[in-house]
Structures are given as structure tokens and as C-alpha cells.
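J.: Please read through the structure below; I'll follow up with questions.
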Amino acid sequence: MSPLTPVLRTRLTQLLNIRTPVLVAPMAGASGGALAAECTLGGGFGLLGAGTSRDNLRDELKIAAARLPARAQGARLPVGVGFLGWQLDSGTWGADTLRVALEHNVAAIWLSFGDNSSIAKWARFVREHETPGPRTLLFFQTASPSDARKAVEQWDFDVIVAQGCESGGHGFADAPPLTALLPAMRAALPAEVPVLVAGGLANGSQLAGMLAMGAAGAVYGTRFLLAPESKYTDSQRAALLAASSSSTVRTMAFDHARSTLGWPAGVDGRGLRNDTVADFESGGDYDELRRKYQEALKKNDTSRTIVWAGTGVGLMDTIKPAKDIVKELHTDCVRHLAAVADVLKPAASNEAAPHEGSKL
């Protein structure tokens, strides 16, 4: 892949030394070492979900390291790992798995979905156990401007991820849309703090718009599920390609069907509406819901199993490698920024001026 030109320069790209402010979300069961590495190789920055096994995380980080160029001694592995606060609190698994990420010298740790005391505790853990050398960047995902301010001022976080209600996968049920959340975040935080946006993003024009509104970058989830390097199956990708912009729904149906009910209050998930959702909404028996789900899982039947997706899914129509997705998003963003720049060009000397009385 040819180098990305021109480089998009934001506070985030400077922190991470990357060429474009495009990130792949740390999606459990979907973004592993291969996807994270390919996003980074494309000029953006890849994150992988920690999963539920320290051995699995170790394996995925080895996969990422094998795909990335050799590093100088002490240099950070240019990927990040996302952890759920409530899972970190669930026993010794949390500390041990965080240590795996830190031992691999990853560039960033992303924390989300825990109460404030939990998030603060695990941020301290990172600072106390990170290896010597460049600082491990701490990302905090939230929909609360006040919590974002605490994260920066009190918990030593470097980057805020503003997650809007459009987001696929788990999110905050009462989150506002990004166009309302981003200005609120920017108003709550010092100008030098990078704020990323996540939720329903599908193309580069959205990145351009968010950059204009003060974002330092954008996190894409569903778009990268269509990359062959993701852990989604062919049938899940086919379901995404067939979906429209009205196909998604916020629901607890899949958590009841899988018995994954440890999420904090106020958190639910957005995915493609299917028979599991229909049964859940009709008040069906939970035991039967789980039985049907397990049967569908054996057959990889997406008429019942989860296909997480954000609201931008209807804008996606191709499967392509992650590096090409990064290039596509970057090029599209640059094109739209250039179009906006044209609006600001001074009028030509022979251009008619607005007539008298015009309000323009």
C-alpha cells in the first residue's frame, strides 16, 4: 500500500505517531491481533479486545507482533488492548490479563464499562505496572462529559473516547448522538485533550465532519467487521452486507440469550434485529430463548445469533482488507476536507458580490 498522503495531523496522530486518525475498535470476539496489526500497518491504529483468557490475549498479541515490523528495544508495540471494567473486577483474571498486555509493551490500554472507582483503580494499576520507557496511553470510553473530565484530571487518562448511541455492540442506553455528545465533551475538557468519537461511523466524510467539530480521530467498529482479518464469519459478514440503516436495534435480548448479564446498569447492545430479538420483545421464556440461541450457534445461523452492528451499517457494501479500509476512509476524509476548504477560498475579483440587503 502506498503511503497515505497528505498526512492528517491531530493531537492523536502526534501522540501515536500515525498518519491518519482512523482506529479500529477493541471488539471482543471480532478484533484480534491480525485486524489490529493490519489497521496499524495501513497508517491508522488498531486495538484488540482482551477477551476472557490471558492465554488467548497472549496469542493474539503474538499474532500482532509477527505482522508488524521489528521494533527497536524498548519501543511500544503499536497496537492497543481494550478491557471492560466490570470484567476486570471479576477476580484474579483482571490483573493477570492486564499484566499480559503490559508485558507485551502495548502502546495503549482502553478501559470502559466500569464504575468510577473501578476505572480509577485499573488506571492506577497500569501506571504502577507499565514498563519503563514511553508512557502507555490510557483511553477512557464514556458518554459522560463529567466522567471524562474526572478521567483526565484525577485518573491520569490521556485520551477520551466519546461513544454515542449509534454505536454497535455494547454501549450506554441513554447516550446522546455523536453530534450532541462531541460538543459537550469538547466543552468539558481542555483543548489539548484528544477526544475520539465512536458510534455508527461508516465512511470518511463522517470523519471529516467530526474533525471539523473538534474530534482528534474516529473509532470504527462495524466497518472493520467486513475485513477478512476480523473474526466475524462469512455468514455474519453476509448479514451485515444485507442490512439497511434501519436494521439495528438496542436490546438486552442477546445478553439474556447468552447469559452475559454482568454489564453495568444502563448498558445494552446494538445489533441486527432478528428472531432472538423478536422472541425477547414478545416476552418469551428465557430458558427457551437460550436453548434456541445455542442451537443456532451450532449452525452459525444469524437469524438468531448476534451480529453486532452500528447504525451506519447500511452505508457499507464491500468486503476488503483492513489496510484498504484505512486507505479508503483516509482518502474520503481528505476529499471532503478539501471540498470544505474550497468554501473558504476568497471570491474572485470578477465574482458578483451579494446584492445590497443580502443577509449572507
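Ordered as shown in the C-alpha cells, chains take letters A, B, and onward, while each chain numbers its residues from 1 and ligands are numbered from 1 in the order shown.
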Residues within 9 Å of Asn300 in chain A, please, as a PyMOL selection string. Count only C-alpha atoms; anything in the same chain fewer than 3 positions from it doesn't count.

T.: chain A and resi 233+235-236+295-297+303-305

J.: Write the residues of the preceding selection, restricted to N, CA and C atoms, as a PDB file, in the first residue's frame.

T.:
ATOM      1  N   THR A 233     -17.585 -14.360  10.969  1.00  0.00           N
ATOM      2  CA  THR A 233     -17.723 -15.445   9.996  1.00  0.00           C
ATOM      3  C   THR A 233     -18.265 -14.890   8.677  1.00  0.00           C
ATOM      4  N   SER A 235     -20.933 -15.806   7.235  1.00  0.00           N
ATOM      5  CA  SER A 235     -22.377 -15.581   7.352  1.00  0.00           C
ATOM      6  C   SER A 235     -22.676 -14.290   8.098  1.00  0.00           C
ATOM      7  N   GLN A 236     -21.869 -13.937   9.071  1.00  0.00           N
ATOM      8  CA  GLN A 236     -22.057 -12.660   9.766  1.00  0.00           C
ATOM      9  C   GLN A 236     -21.770 -11.498   8.826  1.00  0.00           C
ATOM     10  N   GLU A 295     -28.734 -23.629  19.826  1.00  0.00           N
ATOM     11  CA  GLU A 295     -28.925 -24.438  18.622  1.00  0.00           C
ATOM     12  C   GLU A 295     -28.488 -23.665  17.381  1.00  0.00           C
ATOM     13  N   ALA A 296     -28.858 -22.392  17.319  1.00  0.00           N
ATOM     14  CA  ALA A 296     -28.475 -21.564  16.171  1.00  0.00           C
ATOM     15  C   ALA A 296     -26.965 -21.362  16.130  1.00  0.00           C
ATOM     16  N   LEU A 297     -26.343 -21.273  17.304  1.00  0.00           N
ATOM     17  CA  LEU A 297     -24.903 -21.065  17.362  1.00  0.00           C
ATOM     18  C   LEU A 297     -24.156 -22.242  16.728  1.00  0.00           C
ATOM     19  N   SER A 303     -29.947 -15.851  11.813  1.00  0.00           N
ATOM     20  CA  SER A 303     -31.336 -15.464  12.058  1.00  0.00           C
ATOM     21  C   SER A 303     -31.613 -15.423  13.562  1.00  0.00           C
ATOM     22  N   ARG A 304     -30.677 -15.978  14.356  1.00  0.00           N
ATOM     23  CA  ARG A 304     -30.817 -15.932  15.809  1.00  0.00           C
ATOM     24  C   ARG A 304     -29.561 -15.461  16.530  1.00  0.00           C
ATOM     25  N   THR A 305     -28.396 -15.713  15.969  1.00  0.00           N
ATOM     26  CA  THR A 305     -27.165 -15.363  16.677  1.00  0.00           C
ATOM     27  C   THR A 305     -26.821 -13.883  16.488  1.00  0.00           C
TER      28      THR A 305
END

J.: Report as number ranges by chain all protein, DNA and RNA residues lying within 9 Å of Lys121 in chain A, evaluated on only C-alpha atoms, omitting residues in the same chain fewer than 5 positions from it.

T.: A: 116, 126, 155

J.: For the selection you just gave me, I'd like the residues written to a file as a PDB file, in the first residue's frame, keeping C-alpha atoms.

T.:
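Printed below is part_23.pdb as written:
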ATOM      1  CA  ASN A 116     -15.724   5.284  38.504  1.00  0.00           C
ATOM      2  CA  VAL A 126      -1.487   0.392  34.540  1.00  0.00           C
ATOM      3  CA  TRP A 155      -7.290   9.311  36.972  1.00  0.00           C
TER       4      TRP A 155
END

J.: Within 12 Å of range 33-45 of chain A, which residues of range 97-158 of chain A come that close, and what is the closest atom pair and distance in Å for each? Count only C-alpha atoms and give it as CSV.

T.:
residue,atom,partner,partner_atom,distance
A:Ala101,CA,A:Gly33,CA,12.0
A:Val106,CA,A:Ala36,CA,11.6
A:Ala107,CA,A:Phe45,CA,9.8
A:Ala108,CA,A:Phe45,CA,9.9

J.: Which one of A:Pro190, A:Pro21, A:Pro346, A:Gly114 sits closest to Ala216 in chain A if you count only C-alpha atoms?

T.: A:Pro21

J.: Extract the full set of strand (DSSP E) residues from range 23-173 of chain A according to DSSP on the backbone, and format it as a count of residues only.

T.: 37

J.: Show which residues sit within 9 Å of range 130-147 of chain A, as a PyMOL selection string. Count only C-alpha atoms, and ignore same-chain residues fewer than 2 positions away.

T.: chain A and resi 15-16+74-76+80+82+99+102-103+105-113+116+119+123+125-128+149-152+156-165+171-172+174-176+181+184-189+196+198

J.: Neighbouring residues of Leu201 in chain A were defined as those with any atom within 9 Å, considering only C-alpha atoms; residues of the same chain fewer than 4 positions away were excluded. Please report them as a list in words.

T.: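 My reading of the contact set: Glu166, Ser167, Val197, Gln206, Leu207, Ala218, Val219, Tyr220, Gly221, Thr222, Arg223, Gly310, Thr311, Gly312 and Val313 of chain A.
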
J.: Write the selection just made, keeping N, CA and C atoms, as a PDB file, in the first residue's frame?

T.:
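Resulting contents of result37.pdb:
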ATOM      1  N   GLU A 166     -25.349   5.645  18.619  1.00  0.00           N
ATOM      2  CA  GLU A 166     -25.351   4.963  17.322  1.00  0.00           C
ATOM      3  C   GLU A 166     -24.450   3.722  17.304  1.00  0.00           C
ATOM      4  N   SER A 167     -23.659   3.544  18.345  1.00  0.00           N
ATOM      5  CA  SER A 167     -22.619   2.526  18.352  1.00  0.00           C
ATOM      6  C   SER A 167     -23.161   1.109  18.311  1.00  0.00           C
ATOM      7  N   VAL A 197     -14.261   9.902  18.611  1.00  0.00           N
ATOM      8  CA  VAL A 197     -15.693   9.616  18.508  1.00  0.00           C
ATOM      9  C   VAL A 197     -15.891   8.176  18.071  1.00  0.00           C
ATOM     10  N   GLN A 206     -17.766  11.254   7.362  1.00  0.00           N
ATOM     11  CA  GLN A 206     -18.110  11.405   8.776  1.00  0.00           C
ATOM     12  C   GLN A 206     -16.875  11.770   9.596  1.00  0.00           C
ATOM     13  N   LEU A 207     -15.744  11.164   9.261  1.00  0.00           N
ATOM     14  CA  LEU A 207     -14.502  11.542   9.930  1.00  0.00           C
ATOM     15  C   LEU A 207     -14.195  13.012   9.697  1.00  0.00           C
ATOM     16  N   ALA A 218     -11.415   9.115  14.883  1.00  0.00           N
ATOM     17  CA  ALA A 218     -12.668   8.370  14.896  1.00  0.00           C
ATOM     18  C   ALA A 218     -12.386   6.881  15.025  1.00  0.00           C
ATOM     19  N   VAL A 219     -13.233   6.216  15.793  1.00  0.00           N
ATOM     20  CA  VAL A 219     -13.113   4.778  16.034  1.00  0.00           C
ATOM     21  C   VAL A 219     -14.201   4.068  15.230  1.00  0.00           C
ATOM     22  N   TYR A 220     -13.782   3.165  14.361  1.00  0.00           N
ATOM     23  CA  TYR A 220     -14.709   2.413  13.518  1.00  0.00           C
ATOM     24  C   TYR A 220     -14.788   0.984  14.017  1.00  0.00           C
ATOM     25  N   GLY A 221     -15.989   0.476  14.129  1.00  0.00           N
ATOM     26  CA  GLY A 221     -16.190  -0.898  14.543  1.00  0.00           C
ATOM     27  C   GLY A 221     -16.769  -1.742  13.432  1.00  0.00           C
ATOM     28  N   THR A 222     -18.048  -1.512  13.119  1.00  0.00           N
ATOM     29  CA  THR A 222     -18.752  -2.328  12.126  1.00  0.00           C
ATOM     30  C   THR A 222     -18.030  -2.343  10.782  1.00  0.00           C
ATOM     31  N   ARG A 223     -17.481  -1.208  10.373  1.00  0.00           N
ATOM     32  CA  ARG A 223     -16.809  -1.153   9.072  1.00  0.00           C
ATOM     33  C   ARG A 223     -15.676  -2.170   8.987  1.00  0.00           C
ATOM     34  N   GLY A 310     -23.463  -1.127  14.128  1.00  0.00           N
ATOM     35  CA  GLY A 310     -23.879   0.239  14.405  1.00  0.00           C
ATOM     36  C   GLY A 310     -24.840   0.742  13.350  1.00  0.00           C
ATOM     37  N   THR A 311     -25.345   1.951  13.572  1.00  0.00           N
ATOM     38  CA  THR A 311     -26.382   2.497  12.694  1.00  0.00           C
ATOM     39  C   THR A 311     -25.882   2.807  11.292  1.00  0.00           C
ATOM     40  N   GLY A 312     -24.572   2.859  11.096  1.00  0.00           N
ATOM     41  CA  GLY A 312     -24.036   3.142   9.762  1.00  0.00           C
ATOM     42  C   GLY A 312     -23.934   1.932   8.868  1.00  0.00           C
ATOM     43  N   VAL A 313     -24.443   0.784   9.318  1.00  0.00           N
ATOM     44  CA  VAL A 313     -24.249  -0.461   8.569  1.00  0.00           C
ATOM     45  C   VAL A 313     -24.813  -0.394   7.156  1.00  0.00           C
TER      46      VAL A 313
END
